Amino acid sequence: MAANDKTTSFDSILNEKRIFPCPKEFSGRAHIKSLAQYQKLYKESIRSPEKFWAKQAKNELVWFKPWKKVLQWKEPFAKWFVGGQINVSYNCLDRHLGTPTANKAALIWEGEPAAPGKPGEDRTLTYKQLHREVCLFANVLKRNGVKKGDRVLIYLPMVPEAAISMLACSRIGAVHSVVFGGFSAQSVADRIYDSQAKAVVTADGGFRRGTVVPLKHNVDEALTLKDA
């Protein structure tokens, strides 16, 4: 039909009202088990957001120091859980040690196919194993002078070590900046300069769509661009 045909009508699909129920054996294992339960929680979060999120934070997370104020709102800035102290790495890993969850899979990874029709390398790390790897790398960062508040660039392929590096940074209070493994040396240099990074975590190379991206070479080049 012509674009200016005023008789043309369109059915909007942006307002989706259909509901696709999950099998009971699947939804029974979910944290929120029914639509009614979800709607109740949603209404609570809208009606009294501070009370709702305080309850969630208290029940779902481990705090080293309790907060003094749930929300400090001064437009356009918002600060949540003011005065509280928490660690992401601890909540992801340590809290599960000594529980049955420790031996469950925390990270399941599969690399690119080695060749057409051949599956790639795969690894599975339990919470306990991942905790060990994170602690080891956190100590590597500390031995190389990375301290709380320092910035660390993570320029890695999609491998378990990327998640390990992020969790290690949060464990010691360092700020991490993830740089996409397909970015150029100039992009890496820009981010090193902008963040004033103290360290760059990288690899010799990484597979991407059948080719090898020379990550370490890009970092070496980025350092010369940064100094130029």
# chains A, B, ... in the order shown; residues from 1 in each chain; ligands from 1
call {"tool": "select_by_dssp", "arguments": {"residues": "stretch 117-195 of chain A", "states": "alpha helix (DSSP H)", "output": "ChimeraX atom specification"}}
result
/A:127-143,160-172,185-195
call {"tool": "residues_around", "arguments": {"residues": "A:Lys216", "least_positions_apart": "3", "cutoff": "7 Å", "atoms": "only C-alpha atoms", "output": "list in words"}}
result
Thr202, Ala203, Asp204, Gly205, Val219 and Asp220 of chain A
call {"tool": "closest_residue", "arguments": {"among": "A:Gly210, A:Gly173, A:Glu16, A:Gln56", "to": "A:Gly120", "atoms": "only C-alpha atoms"}}
result
A:Gly210
call {"tool": "select_by_dssp", "arguments": {"residues": "stretch 93-225 of chain A", "states": "strand (DSSP E)", "output": "MDAnalysis selection string"}}
result
chainID A and resid 105:110 122:126 151:155 175:178 199:202 206:208 211:213
call {"tool": "decode", "arguments": {"residues": "stretch 1-143 of chain A", "atoms": "C-alpha atoms", "output": "PDB file, in the first residue's frame"}}
result
ATOM      1  CA  MET A   1       0.000   0.000   0.000  1.00  0.00           C
ATOM      2  CA  ALA A   2       1.075   3.589  -0.599  1.00  0.00           C
ATOM      3  CA  ALA A   3       2.616   5.382   2.332  1.00  0.00           C
ATOM      4  CA  ASN A   4       0.059   8.190   2.088  1.00  0.00           C
ATOM      5  CA  ASP A   5      -2.952   5.869   1.913  1.00  0.00           C
ATOM      6  CA  LYS A   6      -5.128   7.136   4.780  1.00  0.00           C
ATOM      7  CA  THR A   7      -7.197   3.931   4.743  1.00  0.00           C
ATOM      8  CA  THR A   8      -4.172   1.908   5.840  1.00  0.00           C
ATOM      9  CA  SER A   9      -4.358   0.671   9.426  1.00  0.00           C
ATOM     10  CA  PHE A  10      -1.782  -0.983  11.588  1.00  0.00           C
ATOM     11  CA  ASP A  11      -2.104  -3.235  14.607  1.00  0.00           C
ATOM     12  CA  SER A  12       0.187  -2.057  17.375  1.00  0.00           C
ATOM     13  CA  ILE A  13       2.161  -4.828  19.035  1.00  0.00           C
ATOM     14  CA  LEU A  14       3.886  -2.512  21.515  1.00  0.00           C
ATOM     15  CA  ASN A  15       1.164  -3.007  24.114  1.00  0.00           C
ATOM     16  CA  GLU A  16       1.532  -6.705  24.879  1.00  0.00           C
ATOM     17  CA  LYS A  17      -1.231  -8.209  26.994  1.00  0.00           C
ATOM     18  CA  ARG A  18      -0.755 -11.880  26.303  1.00  0.00           C
ATOM     19  CA  ILE A  19       0.396 -14.106  29.169  1.00  0.00           C
ATOM     20  CA  PHE A  20       2.460 -17.233  28.648  1.00  0.00           C
ATOM     21  CA  PRO A  21       2.275 -19.354  31.820  1.00  0.00           C
ATOM     22  CA  CYS A  22       5.306 -21.415  32.807  1.00  0.00           C
ATOM     23  CA  PRO A  23       5.027 -25.136  33.551  1.00  0.00           C
ATOM     24  CA  LYS A  24       4.325 -25.621  37.266  1.00  0.00           C
ATOM     25  CA  GLU A  25       7.423 -27.783  37.767  1.00  0.00           C
ATOM     26  CA  PHE A  26       9.519 -24.852  36.472  1.00  0.00           C
ATOM     27  CA  SER A  27       7.774 -21.987  38.253  1.00  0.00           C
ATOM     28  CA  GLY A  28       7.754 -24.002  41.496  1.00  0.00           C
ATOM     29  CA  ARG A  29      11.538 -23.586  41.679  1.00  0.00           C
ATOM     30  CA  ALA A  30      11.430 -19.852  41.034  1.00  0.00           C
ATOM     31  CA  HIS A  31      12.055 -17.180  43.632  1.00  0.00           C
ATOM     32  CA  ILE A  32       8.737 -15.557  42.702  1.00  0.00           C
ATOM     33  CA  LYS A  33       6.349 -18.401  42.059  1.00  0.00           C
ATOM     34  CA  SER A  34       3.260 -16.717  40.615  1.00  0.00           C
ATOM     35  CA  LEU A  35       2.018 -13.661  38.774  1.00  0.00           C
ATOM     36  CA  ALA A  36      -0.047 -12.691  41.811  1.00  0.00           C
ATOM     37  CA  GLN A  37       3.039 -12.757  44.027  1.00  0.00           C
ATOM     38  CA  TYR A  38       4.933 -10.628  41.510  1.00  0.00           C
ATOM     39  CA  GLN A  39       2.125  -8.073  41.263  1.00  0.00           C
ATOM     40  CA  LYS A  40       1.943  -7.828  45.046  1.00  0.00           C
ATOM     41  CA  LEU A  41       5.674  -7.169  45.321  1.00  0.00           C
ATOM     42  CA  TYR A  42       5.561  -4.661  42.480  1.00  0.00           C
ATOM     43  CA  LYS A  43       2.770  -2.691  44.138  1.00  0.00           C
ATOM     44  CA  GLU A  44       4.711  -2.654  47.398  1.00  0.00           C
ATOM     45  CA  SER A  45       7.808  -1.327  45.611  1.00  0.00           C
ATOM     46  CA  ILE A  46       5.781   1.522  44.048  1.00  0.00           C
ATOM     47  CA  ARG A  47       3.727   2.371  47.126  1.00  0.00           C
ATOM     48  CA  SER A  48       6.618   2.439  49.581  1.00  0.00           C
ATOM     49  CA  PRO A  49       9.959   2.081  47.741  1.00  0.00           C
ATOM     50  CA  GLU A  50      12.223   2.805  50.724  1.00  0.00           C
ATOM     51  CA  LYS A  51      10.499   0.247  52.930  1.00  0.00           C
ATOM     52  CA  PHE A  52      10.427  -2.301  50.104  1.00  0.00           C
ATOM     53  CA  TRP A  53      14.115  -2.011  49.178  1.00  0.00           C
ATOM     54  CA  ALA A  54      15.218  -1.921  52.811  1.00  0.00           C
ATOM     55  CA  LYS A  55      13.473  -5.249  53.322  1.00  0.00           C
ATOM     56  CA  GLN A  56      15.044  -6.752  50.185  1.00  0.00           C
ATOM     57  CA  ALA A  57      18.518  -5.513  51.109  1.00  0.00           C
ATOM     58  CA  LYS A  58      18.263  -6.855  54.645  1.00  0.00           C
ATOM     59  CA  ASN A  59      16.948 -10.280  53.602  1.00  0.00           C
ATOM     60  CA  GLU A  60      19.023 -10.881  50.463  1.00  0.00           C
ATOM     61  CA  LEU A  61      22.431  -9.355  51.199  1.00  0.00           C
ATOM     62  CA  VAL A  62      25.176  -9.528  53.811  1.00  0.00           C
ATOM     63  CA  TRP A  63      26.147  -6.132  55.215  1.00  0.00           C
ATOM     64  CA  PHE A  64      29.382  -5.401  57.076  1.00  0.00           C
ATOM     65  CA  LYS A  65      27.869  -2.193  58.418  1.00  0.00           C
ATOM     66  CA  PRO A  66      24.133  -1.326  58.445  1.00  0.00           C
ATOM     67  CA  TRP A  67      22.932   1.766  56.620  1.00  0.00           C
ATOM     68  CA  LYS A  68      21.794   4.908  58.401  1.00  0.00           C
ATOM     69  CA  LYS A  69      19.397   6.072  55.705  1.00  0.00           C
ATOM     70  CA  VAL A  70      17.784   4.029  52.924  1.00  0.00           C
ATOM     71  CA  LEU A  71      17.527   6.844  50.382  1.00  0.00           C
ATOM     72  CA  GLN A  72      19.018  10.303  50.238  1.00  0.00           C
ATOM     73  CA  TRP A  73      17.311  12.088  47.346  1.00  0.00           C
ATOM     74  CA  LYS A  74      18.459  15.526  46.213  1.00  0.00           C
ATOM     75  CA  GLU A  75      17.495  15.999  42.588  1.00  0.00           C
ATOM     76  CA  PRO A  76      19.041  14.890  40.349  1.00  0.00           C
ATOM     77  CA  PHE A  77      21.228  12.818  42.668  1.00  0.00           C
ATOM     78  CA  ALA A  78      20.195   9.732  44.625  1.00  0.00           C
ATOM     79  CA  LYS A  79      22.218   7.847  47.239  1.00  0.00           C
ATOM     80  CA  TRP A  80      20.949   4.484  48.447  1.00  0.00           C
ATOM     81  CA  PHE A  81      21.761   2.853  51.789  1.00  0.00           C
ATOM     82  CA  VAL A  82      23.792   5.805  53.021  1.00  0.00           C
ATOM     83  CA  GLY A  83      26.394   4.822  55.603  1.00  0.00           C
ATOM     84  CA  GLY A  84      26.125   1.097  54.847  1.00  0.00           C
ATOM     85  CA  GLN A  85      29.109  -1.045  53.965  1.00  0.00           C
ATOM     86  CA  ILE A  86      28.903  -4.048  51.660  1.00  0.00           C
ATOM     87  CA  ASN A  87      31.158  -6.035  49.326  1.00  0.00           C
ATOM     88  CA  VAL A  88      29.927  -7.451  46.028  1.00  0.00           C
ATOM     89  CA  SER A  89      32.522 -10.220  45.889  1.00  0.00           C
ATOM     90  CA  TYR A  90      31.636 -11.382  49.407  1.00  0.00           C
ATOM     91  CA  ASN A  91      27.943 -11.497  48.573  1.00  0.00           C
ATOM     92  CA  CYS A  92      28.554 -13.385  45.334  1.00  0.00           C
ATOM     93  CA  LEU A  93      30.896 -15.974  46.801  1.00  0.00           C
ATOM     94  CA  ASP A  94      31.817 -16.054  50.497  1.00  0.00           C
ATOM     95  CA  ARG A  95      28.256 -16.174  51.774  1.00  0.00           C
ATOM     96  CA  HIS A  96      27.787 -19.539  50.054  1.00  0.00           C
ATOM     97  CA  LEU A  97      30.849 -21.216  51.553  1.00  0.00           C
ATOM     98  CA  GLY A  98      29.941 -23.775  54.172  1.00  0.00           C
ATOM     99  CA  THR A  99      26.525 -24.318  52.558  1.00  0.00           C
ATOM    100  CA  PRO A 100      25.367 -26.874  49.952  1.00  0.00           C
ATOM    101  CA  THR A 101      25.545 -24.095  47.357  1.00  0.00           C
ATOM    102  CA  ALA A 102      29.361 -24.070  47.644  1.00  0.00           C
ATOM    103  CA  ASN A 103      29.603 -27.162  45.470  1.00  0.00           C
ATOM    104  CA  LYS A 104      27.060 -26.019  42.885  1.00  0.00           C
ATOM    105  CA  ALA A 105      28.053 -24.491  39.571  1.00  0.00           C
ATOM    106  CA  ALA A 106      28.616 -20.751  39.817  1.00  0.00           C
ATOM    107  CA  LEU A 107      30.019 -20.282  36.318  1.00  0.00           C
ATOM    108  CA  ILE A 108      29.529 -22.458  33.241  1.00  0.00           C
ATOM    109  CA  TRP A 109      31.628 -21.427  30.248  1.00  0.00           C
ATOM    110  CA  GLU A 110      32.012 -22.705  26.701  1.00  0.00           C
ATOM    111  CA  GLY A 111      34.489 -21.205  24.284  1.00  0.00           C
ATOM    112  CA  GLU A 112      34.248 -20.795  20.552  1.00  0.00           C
ATOM    113  CA  PRO A 113      34.162 -24.007  18.475  1.00  0.00           C
ATOM    114  CA  ALA A 114      37.648 -25.271  17.708  1.00  0.00           C
ATOM    115  CA  ALA A 115      36.468 -26.023  14.165  1.00  0.00           C
ATOM    116  CA  PRO A 116      33.124 -26.339  12.366  1.00  0.00           C
ATOM    117  CA  GLY A 117      31.195 -29.123  14.045  1.00  0.00           C
ATOM    118  CA  LYS A 118      33.686 -29.427  16.915  1.00  0.00           C
ATOM    119  CA  PRO A 119      32.684 -28.051  20.332  1.00  0.00           C
ATOM    120  CA  GLY A 120      34.999 -25.558  21.961  1.00  0.00           C
ATOM    121  CA  GLU A 121      36.744 -25.752  25.308  1.00  0.00           C
ATOM    122  CA  ASP A 122      34.440 -25.756  28.325  1.00  0.00           C
ATOM    123  CA  ARG A 123      34.898 -25.124  32.033  1.00  0.00           C
ATOM    124  CA  THR A 124      32.644 -25.242  35.074  1.00  0.00           C
ATOM    125  CA  LEU A 125      33.577 -23.552  38.341  1.00  0.00           C
ATOM    126  CA  THR A 126      31.687 -24.132  41.566  1.00  0.00           C
ATOM    127  CA  TYR A 127      31.212 -21.308  44.058  1.00  0.00           C
ATOM    128  CA  LYS A 128      34.045 -22.739  46.128  1.00  0.00           C
ATOM    129  CA  GLN A 129      36.399 -23.006  43.150  1.00  0.00           C
ATOM    130  CA  LEU A 130      35.476 -19.545  41.898  1.00  0.00           C
ATOM    131  CA  HIS A 131      36.066 -18.117  45.376  1.00  0.00           C
ATOM    132  CA  ARG A 132      39.582 -19.595  45.379  1.00  0.00           C
ATOM    133  CA  GLU A 133      40.395 -18.174  41.930  1.00  0.00           C
ATOM    134  CA  VAL A 134      39.081 -14.733  42.879  1.00  0.00           C
ATOM    135  CA  CYS A 135      41.095 -14.664  46.112  1.00  0.00           C
ATOM    136  CA  LEU A 136      44.255 -15.715  44.271  1.00  0.00           C
ATOM    137  CA  PHE A 137      43.880 -12.974  41.693  1.00  0.00           C
ATOM    138  CA  ALA A 138      42.931 -10.382  44.298  1.00  0.00           C
ATOM    139  CA  ASN A 139      46.289 -11.104  45.925  1.00  0.00           C
ATOM    140  CA  VAL A 140      48.035 -10.774  42.548  1.00  0.00           C
ATOM    141  CA  LEU A 141      46.519  -7.299  42.173  1.00  0.00           C
ATOM    142  CA  LYS A 142      47.554  -6.311  45.704  1.00  0.00           C
ATOM    143  CA  ARG A 143      51.125  -7.555  45.170  1.00  0.00           C
TER     144      ARG A 143
END
